[in-house]
Amino acid sequence: MSAAERIRRAVRGVRDYLARSLGFTVAAWCAVAALGLLMLAPAFAGGEGWSAGSPGPILIVVILLAVVPAGVWYWRRLGRRRCAEHRVTRAMDGTAGLDEGSVLGGLELSRFAPPGTSPGLRELALEQVGSRLSGAGDPRKLSGELGKQVASDLRRGLTAVLAAAGAVLVVLLLAPTRTLGAWGGLLHPLAVLVEPVLPAISVEPGTVEVARGAVVEVSAHAPLRDSVVLRWDVTGQVTRTSTIALVDGSGSAALPPVGAATRYWIEAPDGARSEVHTLTPVDPLFVSTLTVEVTHPPHTGLPPAEYQNEIPALAIPAGTHLRMRGQGSRGIGMGALLDEEGDPVTALEIQGASFEGSWVPGRSGTYAWAFADQGGGDAAVAPEPLVIDLIPDQPPAVEIVYPGADTIMPIDLRQPLVIQTQDDYGIARVDIVVRRVSSFGESGEPVVHGVELGGSAGAIVRPILDVSSWDLSPGDTIRYLARAVDNHPSQQMRESAEYALWIGGATELGRVAEEELSRAAEAVEELAEEARQAEEEARDLQARAEAEGERNRNRQEQADFADREEIAQALQRQEEMMQAVDSLQRELAELREALKDAGLADPDMEQTIEDLEQLLDQVAPEDQEDALSELEDQLAGMDPEELREALEQMALDQERMRQRLEDSLEQFRDAAIEQDFRATEREAQELAEEQEILASAMMEGGDEELRAEQQAALEAQAQELQEHLEELQQRLAEAGEMDAGAGVQEARHQLSQARQQMQQASQMMQQGQQQDAGQQAQQAAGDLSEVSQQLGQAQMQMQMQQMEAIRTALGQTASDALALARRQSELRIEMQGASAAELAGMRADEAAIAQGIRNLAENYAEDTEMMAPGARDLLTAVGEAMEQLDATITAMENPRSQGPSPMAEAEQVVRTLNEVAEMAMTSGQQGQAQGSASASEQMMQQLQQLAQQQGEIMQDASSLTPMRLGQETMQEQIEEVAGRQEEVAEELGEMSEDGAEEADPLGDLSAFAEEARRLAEALAQGRLDPEVLRRQEQLFHRLLDAGRTLERDEESEERESEQPGDFTREGVRALSADDLDVLRFELPAAARLRALPPAQRALVLRYFERLNTGNPGPVGGERR
Amino acid sequence: MSARAGAALLAVAVAATAEVALAQGSGPVTIARLQYEGGGDWYANPSSLPNLLTEIEARTGIPTAEREVAIRPGDPALRDYPFLYMTGHGDVRFTPDERLALRRYLLEGGFLHADDNYGLDESFRQEMGRIFPDRELVELPPEHPIFRSPYEFPDGVPKIHEHDGAPPRAFGIFHQGRLVVVYTYETDLGDGWEDPDVHEDPPEVREDALRMGVNIFLYALMQSAS
């Protein structure tokens, strides 16, 4: 580098250093100025910050912005003054140790060498300066004093900046919000400077509908204003104004009553103007059109209902659905139904002026309507409140009205029930819940029989509780109840009281049988009375028909329709009576079967009931029923003569029926009395046995209170027996059985004594006098036993008297018949060779014989009460004799006729009367013959009797435990039962040996005998527990079943099957139209028939019937 | 066409009838056994009807109950059963009410098959005479459809048991063209339907009895459907 260059460079470097330092210095002072402004800005802005329109921020910003160019200008100006070349070079001269002006000279010499300047010298000069400058150091050092001054200025500037920055920081910390707010204004100086826009103004209520004539209060909102002008114009009128003074920018004024559409708005003094609104006057809202559809729950079966406008108080079942709809006079804004607390129960859907809604009321009450128009105004008129009376679904009621109490199960184990049930909205079904409780308290699974009722509101159900297949035993109890289930979806149910049906033992069932027979006797009596009335009616009809016939003898017209109807009714009545007789006959058969099934095989009673059945069979014989049906069928086509004959026949039939019923009545009564005797005797016997056991228990001692109670209970039974005896005595008195009645009277007396002793025994037992009480009880047992014996004797006496009476009557009948036969025989001899006149004279004698025969028949029927064997055959023979006698008299009137001679007819009479006598005499023997039975029948009877004994043993055994006897007495009783059980075992064993080759069921007898023997052994060991009782029960049922099986086999007599051999088929003719019973004329289609009115339909059917039967009949006469 | 195919085709036609019975009785079709009075063993041949019902279902596809039901003539439930069957060795006796109920049942669509088990004939004919005094039992010729479908019996009803050695015969009572009573006599179909070891009938004889039973049953149901 040349020296010149070095000089220029050094000078330039010093000047740059100085300029830079001056720049920093100026910048520092500018910064100080800016910081000073920032520090002052909060003071300028004030406590609220810059006020709108304040020029402060903009001025500060401008000053701040001006500082920069001012700083630049000052820096440049300072640079020019401080960094002038001569000042810099002078400073350099001093620093470099050069002479003053050396650097400047060298600099200028470097730039321009004056003419004539020696290049060498120049270079030399330059070299000297240049080398001194190069050795003087960096520009800061070269700057010398000037540089020091500039650096001093820079330090002062920087110090000022630091001070200012600290001050600003202090201000910021002291008042940060104010400071930052003020500085924020500096960021938006123009925004602060510009004046603010006033807010918009508004007026309320806006565009709305108002009630016509309403005074509308208008509210004006105009912030930053003191007042506004309200302007309004009514359609067709000039605009009017009103000034509203504002407080805090708000105020209000009232517009005149709105009678027409009114526009309104407000204007502010600053020219602002609100939106223009319109007030539209409307009339009040009327809601008076209302329809309520009521849909009841399906299970109620109630039909839907609909009410309009005036809705009555609604009494509705719970769950009812209401559907409401209606119309307002104009648009509806809101609609609801409110409860009594004012809470909405349902919101209504609104569409314009219409509304609708649905609701299921949950509780009763008064529900008001709430409607408002679209302006929110309440409806001036609303429907009347809905009054709801909500009726909850009641559970069904059910009651067993019959038997309605605990009672004894009927013999046939089929108890008719009458169940009454009702429900407010219908019963779905009635269940009969039945369970068996065994004699030792074990309850079986309930069995449910359902009767569907299909939703009827109330019903009387008459089911038959049939437990005949349950293998029940005496001592068992059937407990049953009825359970009604209504048709509500939740299937509400209610149960009746539970009742018990006791399966009676032989004693109770014997009493039931007596009641059944008594009822049958009453039924026969009623039927006899009815038959008597029917007979009178038939006679009347017959008489009337004969009188009519006399009047219309020459007329061949048919009987009058009314007469025919009367006859038809009489026939119908007769048929009903026959059906009643059939029904009674069936009931007796069922009773007989049921007694047998229950193990009460009493051959005498069975025979009695069978006899009664036969009697009833004769009352309504098959052929008479058939003839009756035939007569009914033919009634329509009969001419008067035929009708008269039919009436005569009908009257005769009625008479015969009445006679037979009256004849039977005594037998029914006797059967009832006999059964009453049996049942009462049985009751007395059982009571005596129980009293005997109790007496033993008393004497054994202990349990005084229990024994006293047991004695009192037996005394109550004795009282009941006393009542039965009284009834029996009365019945015997009515039947004229005075001797038997006296026997019963004696038994009553004996029973009274027994009762007194029982009462005393009970009292003594309560007083702790056990031995005395036991003796009294023992005496009572003895008396009771005598009562039983007395009754047995009375009954036997009665039977013997009856048999004696019958025997006497039969003897008398035979005697009378023989006498009549003798007399008839004498007359027959007299007839030989007698003239016609003599024969005519003998007719009176024949009439006397006829009367004698009639008397014989009446006496026989009355004296024997038709209870003699072969009574019917005998009376039939008597009837034949009567007919033959009539024939004899007729022959005597016309001796020369071609028929048999009077003597021949008289011979027949004699023969028949002799037969009658013979029948009467042999009647008793026939009765004895009836007693014979086949070996199988005997076996069956024996098995049934054994079953009966087994049932009694079981019942007695099961009754011991509840008596809570003392050990000694209990042991005695068990031994007694064991002895009886052993007897059954022995009899079964004998039967098994005798009947080994008989039918199958007998093959089980050895097993039965073995089981009976094991039971006897168990009892003999004092073992009486539920297991033994259960086994006794099983044996009882197996014996019963074996008896039945035998009986069935007896009936069946099934043949041996045999494979077919050769045979020849015969030709079979083709079936004809008659065989097929095809209709010659097809009936019109059912649909067509149904379309016709009933009367016309009947006419058409009758027409076709006659076409098809080929009997045109009177249809032609009816054709119109 | 084989008899079995015929049975299958017929089963289709009968299905509708069976449906009706199902709808009415809410169960498979069954046969009602008439329980009558008079001393006759109405309960005879206890395994016969269960076997016949099983065979009907197997051969025709008609769903049948396992057992028959016993019913008295006066029982209102009688109307629920389209096919009534009676048999026995002894006397039959109906009460007037029962006769009326049976007559009504038969005239209103019911069907009775009476099968003499030896000893039923006299009393049965008497009772039929009382129930239908205006009709007679007429012998069914071999051409009658009851012997033709689904199984062919060209000679008429087959002979199953010997009885009196007379030719087997089938009688009927018609009402307006409809066969309401079939009475089989001197054949003993019921014995043939029993378990094989009861009477030890040869298999072919037993098969004949069952086929005839199927024919009678289907014929009864078919005509009640028509």
# chains A, B, ... in the order shown; residues from 1 in each chain; ligands from 1

call {"tool": "residues_around", "arguments": {"residues": "range 197-209 of chain B", "least_positions_apart": "6", "cutoff": "9 Å", "atoms": "only C-alpha atoms", "output": "list of chain:residue names"}}
result
A:Glu1056, A:Ser1057, A:Glu1058, A:Gln1059, B:Ser47, B:Phe153, B:Val157, B:Pro158, B:Lys159, B:Ile160, B:His161, B:Thr187, B:Asp188, B:Leu189, B:Gly190, B:Asp191

call {"tool": "closest_residue", "arguments": {"among": "B:Arg211, B:Arg125, B:Arg99, B:His89", "to": "chain A", "atoms": "only C-alpha atoms"}}
result
B:His89

call {"tool": "interface_residues", "arguments": {"of": "chain B", "to": "chain A", "cutoff": "6 Å", "atoms": "only C-alpha atoms", "output": "mmCIF file with all heavy atoms, in the first residue's frame"}}
result
data_model
loop_
_atom_site.group_PDB
_atom_site.id
_atom_site.type_symbol
_atom_site.label_atom_id
_atom_site.label_comp_id
_atom_site.auth_asym_id
_atom_site.auth_seq_id
_atom_site.Cartn_x
_atom_site.Cartn_y
_atom_site.Cartn_z
ATOM 1 N N GLY B 39 -124.914 -102.243 30.376
ATOM 2 C CA GLY B 39 -124.185 -103.426 30.828
ATOM 3 C C GLY B 39 -123.098 -103.863 29.882
ATOM 4 O O GLY B 39 -122.231 -104.647 30.256
ATOM 5 N N ASP B 41 -119.706 -103.892 27.656
ATOM 6 C CA ASP B 41 -118.364 -103.404 28.005
ATOM 7 C C ASP B 41 -117.903 -102.396 26.953
ATOM 8 O O ASP B 41 -117.193 -102.741 26.009
ATOM 9 C CB ASP B 41 -117.378 -104.558 28.140
ATOM 10 C CG ASP B 41 -117.417 -105.500 26.959
ATOM 11 O OD1 ASP B 41 -118.431 -105.468 26.222
ATOM 12 O OD2 ASP B 41 -116.461 -106.254 26.749
ATOM 13 N N PRO B 141 -122.552 -101.749 -0.171
ATOM 14 C CA PRO B 141 -122.006 -102.656 -1.189
ATOM 15 C C PRO B 141 -120.493 -102.464 -1.319
ATOM 16 O O PRO B 141 -119.956 -101.420 -0.937
ATOM 17 C CB PRO B 141 -122.734 -102.220 -2.458
ATOM 18 C CG PRO B 141 -123.087 -100.798 -2.231
ATOM 19 C CD PRO B 141 -123.311 -100.648 -0.750
ATOM 20 N N HIS B 161 -112.481 -111.813 12.852
ATOM 21 C CA HIS B 161 -112.685 -112.914 13.796
ATOM 22 C C HIS B 161 -113.870 -113.775 13.379
ATOM 23 O O HIS B 161 -114.740 -113.337 12.620
ATOM 24 C CB HIS B 161 -112.897 -112.367 15.206
ATOM 25 C CG HIS B 161 -111.600 -112.077 15.911
ATOM 26 N ND1 HIS B 161 -111.528 -111.656 17.196
ATOM 27 C CD2 HIS B 161 -110.324 -112.163 15.492
ATOM 28 C CE1 HIS B 161 -110.275 -111.470 17.537
ATOM 29 N NE2 HIS B 161 -109.524 -111.774 16.514
ATOM 30 N N GLU B 162 -113.892 -114.949 13.944
ATOM 31 C CA GLU B 162 -114.865 -115.947 13.495
ATOM 32 C C GLU B 162 -116.298 -115.573 13.897
ATOM 33 O O GLU B 162 -117.203 -115.641 13.084
ATOM 34 C CB GLU B 162 -114.492 -117.314 14.099
ATOM 35 C CG GLU B 162 -115.472 -118.425 13.802
ATOM 36 C CD GLU B 162 -115.507 -118.801 12.327
ATOM 37 O OE1 GLU B 162 -114.695 -118.259 11.559
ATOM 38 O OE2 GLU B 162 -116.352 -119.617 11.935
ATOM 39 N N PRO B 167 -120.704 -114.260 7.061
ATOM 40 C CA PRO B 167 -119.872 -113.305 6.313
ATOM 41 C C PRO B 167 -119.868 -111.943 7.001
ATOM 42 O O PRO B 167 -120.875 -111.546 7.603
ATOM 43 C CB PRO B 167 -120.548 -113.227 4.937
ATOM 44 C CG PRO B 167 -121.930 -113.705 5.154
ATOM 45 C CD PRO B 167 -121.862 -114.689 6.270
ATOM 46 N N PHE B 174 -127.734 -93.257 6.241
ATOM 47 C CA PHE B 174 -127.424 -92.044 5.495
ATOM 48 C C PHE B 174 -128.391 -90.939 5.879
ATOM 49 O O PHE B 174 -129.557 -91.191 6.194
ATOM 50 C CB PHE B 174 -127.536 -92.290 3.993
ATOM 51 C CG PHE B 174 -126.471 -93.186 3.456
ATOM 52 C CD1 PHE B 174 -126.622 -94.572 3.468
ATOM 53 C CD2 PHE B 174 -125.306 -92.651 2.919
ATOM 54 C CE1 PHE B 174 -125.642 -95.398 2.973
ATOM 55 C CE2 PHE B 174 -124.315 -93.488 2.421
ATOM 56 C CZ PHE B 174 -124.474 -94.859 2.446
ATOM 57 N N HIS B 175 -127.869 -89.738 5.871
ATOM 58 C CA HIS B 175 -128.740 -88.568 6.059
ATOM 59 C C HIS B 175 -128.408 -87.572 4.961
ATOM 60 O O HIS B 175 -127.297 -87.062 4.875
ATOM 61 C CB HIS B 175 -128.489 -87.927 7.431
ATOM 62 C CG HIS B 175 -129.171 -86.597 7.597
ATOM 63 N ND1 HIS B 175 -130.534 -86.466 7.563
ATOM 64 C CD2 HIS B 175 -128.678 -85.349 7.763
ATOM 65 C CE1 HIS B 175 -130.842 -85.190 7.721
ATOM 66 N NE2 HIS B 175 -129.737 -84.493 7.844
ATOM 67 N N GLN B 176 -129.390 -87.389 4.091
ATOM 68 C CA GLN B 176 -129.232 -86.470 2.968
ATOM 69 C C GLN B 176 -127.949 -86.778 2.192
ATOM 70 O O GLN B 176 -127.151 -85.893 1.889
ATOM 71 C CB GLN B 176 -129.245 -85.029 3.466
ATOM 72 C CG GLN B 176 -130.602 -84.662 4.061
ATOM 73 C CD GLN B 176 -130.669 -83.236 4.570
ATOM 74 O OE1 GLN B 176 -129.677 -82.511 4.497
ATOM 75 N NE2 GLN B 176 -131.821 -82.834 5.041
ATOM 76 N N GLY B 177 -127.726 -88.038 1.954
ATOM 77 C CA GLY B 177 -126.588 -88.447 1.145
ATOM 78 C C GLY B 177 -125.319 -88.656 1.927
ATOM 79 O O GLY B 177 -124.354 -89.214 1.409
#

call {"tool": "residues_around", "arguments": {"residues": "Leu64 in chain A", "least_positions_apart": "3", "cutoff": "9 Å", "atoms": "only C-alpha atoms", "output": "number ranges by chain"}}
result
A: 30, 33-34, 37, 59-61, 67-68

call {"tool": "write_last_selection", "arguments": {"atoms": "N, CA and C atoms", "output": "compact mmCIF listing (two decimals), in the first residue's frame"}}
result
# COMPACT_ATOMS: atom_id res chain seq x y z
N CYS A 30 -31.79 10.54 21.71
CA CYS A 30 -33.15 10.39 21.14
C CYS A 30 -33.94 9.40 21.98
N ALA A 33 -35.15 10.94 24.98
CA ALA A 33 -36.34 11.78 24.72
C ALA A 33 -37.59 10.92 24.62
N ALA A 34 -37.46 9.80 23.86
CA ALA A 34 -38.64 8.93 23.70
C ALA A 34 -39.07 8.36 25.05
N LEU A 37 -40.95 10.79 26.94
CA LEU A 37 -42.33 10.96 26.51
C LEU A 37 -43.21 9.80 27.04
N LEU A 59 -49.87 13.51 19.30
CA LEU A 59 -48.75 14.44 19.46
C LEU A 59 -47.53 13.69 19.94
N ILE A 60 -47.73 12.85 20.90
CA ILE A 60 -46.58 12.11 21.42
C ILE A 60 -45.99 11.23 20.33
N VAL A 61 -46.87 10.63 19.61
CA VAL A 61 -46.39 9.76 18.53
C VAL A 61 -45.61 10.59 17.51
N VAL A 67 -38.32 12.69 16.56
CA VAL A 67 -37.01 12.56 17.23
C VAL A 67 -36.01 11.91 16.30
N VAL A 68 -36.47 10.99 15.51
CA VAL A 68 -35.55 10.22 14.66
C VAL A 68 -34.91 11.11 13.59

call {"tool": "residues_around", "arguments": {"residues": "Thr95 in chain B", "least_positions_apart": "2", "cutoff": "12 Å", "atoms": "only C-alpha atoms", "output": "number ranges by chain"}}
result
A: 578-583, 585-586, 617, 620-622, 625-626; B: 36-38, 72-74, 92-93, 97-102, 127, 130-131

call {"tool": "atom_distance", "arguments": {"atom1": "CA of Glu68 in chain B", "atom2": "CA of Glu590 in chain A"}}
result
24.5 Å

call {"tool": "atom_distance", "arguments": {"atom1": "CA of Leu22 in chain A", "atom2": "CA of Trp73 in chain A"}}
result
11.7 Å

call {"tool": "residues_around", "arguments": {"residues": "range 49-51 of chain B", "least_positions_apart": "6", "cutoff": "7 Å", "atoms": "only C-alpha atoms", "output": "PyMOL selection string"}}
result
chain B and resi 66-68+193-194

call {"tool": "residues_around", "arguments": {"residues": "Ala313 in chain A", "least_positions_apart": "6", "cutoff": "9 Å", "atoms": "only C-alpha atoms", "output": "short mmCIF file (atom, residue, chain, number, x, y, z; two decimals) with N, CA, C and O atoms, in the first residue's frame"}}
result
data_model
loop_
_atom_site.label_atom_id
_atom_site.label_comp_id
_atom_site.auth_asym_id
_atom_site.auth_seq_id
_atom_site.Cartn_x
_atom_site.Cartn_y
_atom_site.Cartn_z
N LEU A 386 -112.25 -29.56 32.72
CA LEU A 386 -112.61 -30.99 32.63
C LEU A 386 -112.67 -31.56 34.04
O LEU A 386 -111.71 -31.43 34.80
N VAL A 387 -113.78 -32.17 34.35
CA VAL A 387 -113.91 -32.81 35.66
C VAL A 387 -113.73 -34.31 35.45
O VAL A 387 -114.52 -34.94 34.73
N ILE A 388 -112.70 -34.85 36.00
CA ILE A 388 -112.38 -36.27 35.80
C ILE A 388 -112.57 -37.03 37.11
O ILE A 388 -112.02 -36.65 38.14
N ASP A 389 -113.40 -38.03 37.03
CA ASP A 389 -113.55 -38.93 38.17
C ASP A 389 -112.96 -40.27 37.75
O ASP A 389 -113.59 -41.04 37.02
#

call {"tool": "select_by_dssp", "arguments": {"residues": "range 421-659 of chain A", "states": "helix (DSSP H, G or I)", "output": "JSON, numbers by chain"}}
result
{"A": [506, 507, 508, 509, 510, 511, 512, 513, 514, 515, 516, 517, 518, 519, 520, 521, 522, 523, 524, 525, 526, 527, 528, 529, 530, 531, 532, 533, 534, 535, 536, 537, 538, 539, 540, 541, 542, 543, 544, 545, 546, 547, 548, 549, 550, 551, 561, 562, 563, 564, 565, 566, 567, 568, 569, 570, 571, 572, 573, 574, 575, 576, 577, 578, 579, 580, 581, 582, 583, 584, 585, 586, 587, 588, 589, 590, 591, 592, 593, 594, 595, 596, 597, 603, 604, 605, 606, 607, 608, 609, 610, 611, 612, 613, 614, 615, 616, 617, 618, 619, 622, 623, 624, 625, 626, 627, 628, 629, 630, 631, 632, 633, 634, 635, 636, 637, 640, 641, 642, 643, 644, 645, 646, 647, 648, 649, 650, 651, 652, 653, 654, 655, 656, 657, 658, 659]}

call {"tool": "write_last_selection", "arguments": {"atoms": "C-alpha atoms", "output": "short mmCIF file (atom, residue, chain, number, x, y, z; two decimals), in the first residue's frame"}}
result
data_model
loop_
_atom_site.label_atom_id
_atom_site.label_comp_id
_atom_site.auth_asym_id
_atom_site.auth_seq_id
_atom_site.Cartn_x
_atom_site.Cartn_y
_atom_site.Cartn_z
CA ALA A 506 -119.53 -95.13 56.66
CA THR A 507 -121.58 -93.25 59.24
CA GLU A 508 -121.59 -89.92 57.48
CA LEU A 509 -122.13 -91.43 54.05
CA GLY A 510 -124.97 -93.49 55.40
CA ARG A 511 -126.62 -90.29 56.53
CA VAL A 512 -126.01 -88.71 53.14
CA ALA A 513 -127.59 -91.73 51.48
CA GLU A 514 -130.60 -91.30 53.74
CA GLU A 515 -130.90 -87.68 52.70
CA GLU A 516 -130.65 -88.66 49.04
CA LEU A 517 -133.38 -91.22 49.42
CA SER A 518 -135.58 -88.77 51.31
CA ARG A 519 -135.07 -86.28 48.53
CA ALA A 520 -135.97 -88.94 45.99
CA ALA A 521 -139.15 -89.70 47.95
CA GLU A 522 -140.07 -86.02 47.91
CA ALA A 523 -139.38 -85.87 44.19
CA VAL A 524 -141.66 -88.86 43.60
CA GLU A 525 -144.36 -87.20 45.67
CA GLU A 526 -144.08 -84.03 43.63
CA LEU A 527 -144.14 -86.01 40.43
CA ALA A 528 -147.22 -87.87 41.59
CA GLU A 529 -148.95 -84.59 42.29
CA GLU A 530 -147.89 -83.27 38.93
CA ALA A 531 -149.10 -86.44 37.26
CA ARG A 532 -152.45 -86.03 39.01
CA GLN A 533 -152.82 -82.53 37.60
CA ALA A 534 -151.71 -83.71 34.19
CA GLU A 535 -154.25 -86.48 34.32
CA GLU A 536 -157.01 -84.01 35.14
CA GLU A 537 -155.92 -81.83 32.27
CA ALA A 538 -155.88 -84.78 29.92
CA ARG A 539 -159.38 -85.77 31.07
CA ASP A 540 -160.62 -82.23 30.52
CA LEU A 541 -159.13 -82.17 27.07
CA GLN A 542 -160.66 -85.52 26.32
CA ALA A 543 -164.07 -84.39 27.51
CA ARG A 544 -163.87 -81.19 25.54
CA ALA A 545 -162.79 -83.04 22.42
CA GLU A 546 -165.72 -85.43 22.77
CA ALA A 547 -168.14 -82.53 23.18
CA GLU A 548 -166.66 -80.84 20.13
CA GLY A 549 -166.91 -84.10 18.26
CA GLU A 550 -170.63 -84.30 19.04
CA ARG A 551 -171.18 -80.83 17.69
CA PHE A 561 -155.49 -75.16 16.10
CA ALA A 562 -155.81 -73.94 19.70
CA ASP A 563 -156.95 -77.39 20.84
CA ARG A 564 -154.07 -78.95 19.04
CA GLU A 565 -151.67 -76.58 20.77
CA GLU A 566 -153.12 -77.46 24.15
CA ILE A 567 -152.72 -81.14 23.41
CA ALA A 568 -149.16 -80.56 22.25
CA GLN A 569 -148.45 -78.76 25.48
CA ALA A 570 -149.97 -81.55 27.52
CA LEU A 571 -147.87 -84.07 25.64
CA GLN A 572 -144.82 -81.93 26.22
CA ARG A 573 -145.57 -81.84 29.92
CA GLN A 574 -146.01 -85.58 29.98
CA GLU A 575 -142.71 -85.99 28.22
CA GLU A 576 -141.01 -83.70 30.70
CA MET A 577 -142.38 -85.73 33.56
CA MET A 578 -141.03 -88.87 31.99
CA GLN A 579 -137.68 -87.24 31.60
CA ALA A 580 -137.83 -86.25 35.26
CA VAL A 581 -138.52 -89.87 36.15
CA ASP A 582 -135.61 -90.95 33.97
CA SER A 583 -133.42 -88.39 35.66
CA LEU A 584 -134.44 -89.62 39.11
CA GLN A 585 -133.73 -93.15 38.01
CA ARG A 586 -130.27 -92.15 36.88
CA GLU A 587 -129.62 -90.38 40.16
CA LEU A 588 -130.56 -93.49 42.07
CA ALA A 589 -128.25 -95.57 39.90
CA GLU A 590 -125.46 -93.09 40.51
CA LEU A 591 -126.14 -93.20 44.24
CA ARG A 592 -125.97 -96.97 44.21
CA GLU A 593 -122.72 -96.94 42.24
CA ALA A 594 -121.24 -94.24 44.42
CA LEU A 595 -122.04 -96.14 47.61
CA LYS A 596 -120.38 -99.17 46.12
CA ASP A 597 -117.34 -97.17 45.03
CA PRO A 603 -126.41 -105.55 49.97
CA ASP A 604 -129.76 -104.65 51.52
CA MET A 605 -129.44 -101.02 50.65
CA GLU A 606 -128.18 -101.84 47.18
CA GLN A 607 -131.12 -104.13 46.61
CA THR A 608 -133.53 -101.48 47.89
CA ILE A 609 -132.17 -98.88 45.52
CA GLU A 610 -132.26 -101.31 42.61
CA ASP A 611 -135.91 -102.04 43.42
CA LEU A 612 -136.63 -98.33 43.39
CA GLU A 613 -134.93 -98.00 40.04
CA GLN A 614 -137.08 -100.76 38.63
CA LEU A 615 -140.17 -99.08 39.98
CA LEU A 616 -139.24 -95.89 38.20
CA ASP A 617 -138.53 -97.85 35.07
CA GLN A 618 -142.11 -99.09 35.20
CA VAL A 619 -143.39 -95.58 35.81
CA GLU A 622 -139.56 -97.22 27.12
CA ASP A 623 -142.55 -98.05 24.94
CA GLN A 624 -144.62 -95.34 26.54
CA GLU A 625 -141.92 -92.78 25.83
CA ASP A 626 -141.74 -93.96 22.25
CA ALA A 627 -145.51 -93.83 21.89
CA LEU A 628 -145.49 -90.34 23.28
CA SER A 629 -142.90 -89.20 20.76
CA GLU A 630 -144.87 -90.84 17.99
CA LEU A 631 -148.03 -89.15 19.12
CA GLU A 632 -146.32 -85.79 19.12
CA ASP A 633 -145.04 -86.35 15.60
CA GLN A 634 -148.42 -87.38 14.31
CA LEU A 635 -150.42 -84.72 16.07
CA ALA A 636 -150.35 -82.33 13.15
CA GLY A 637 -151.94 -84.74 10.73
CA PRO A 640 -160.67 -85.11 15.20
CA GLU A 641 -161.52 -88.75 15.73
CA GLU A 642 -157.89 -89.76 15.86
CA LEU A 643 -157.27 -86.88 18.14
CA ARG A 644 -159.97 -88.01 20.53
CA GLU A 645 -158.51 -91.49 20.58
CA ALA A 646 -155.06 -90.09 21.19
CA LEU A 647 -156.41 -88.00 24.03
CA GLU A 648 -158.07 -90.98 25.56
CA GLN A 649 -154.83 -92.90 25.35
CA MET A 650 -152.95 -89.97 26.81
CA ALA A 651 -155.38 -89.71 29.71
CA LEU A 652 -155.01 -93.42 30.36
CA ASP A 653 -151.22 -93.13 30.25
CA GLN A 654 -151.33 -90.26 32.68
CA GLU A 655 -153.58 -92.20 34.97
CA ARG A 656 -151.28 -95.19 34.84
CA MET A 657 -148.31 -93.01 35.51
CA ARG A 658 -149.97 -91.36 38.46
CA GLN A 659 -150.99 -94.69 39.90
#

call {"tool": "atom_distance", "arguments": {"atom1": "CA of Ala695 in chain A", "atom2": "CA of Gly979 in chain A"}}
result
20.5 Å

call {"tool": "closest_residue", "arguments": {"among": "B:Asp91, B:Ala70, B:Pro145, B:Pro46", "to": "Ser123 in chain B", "atoms": "only C-alpha atoms"}}
result
B:Asp91
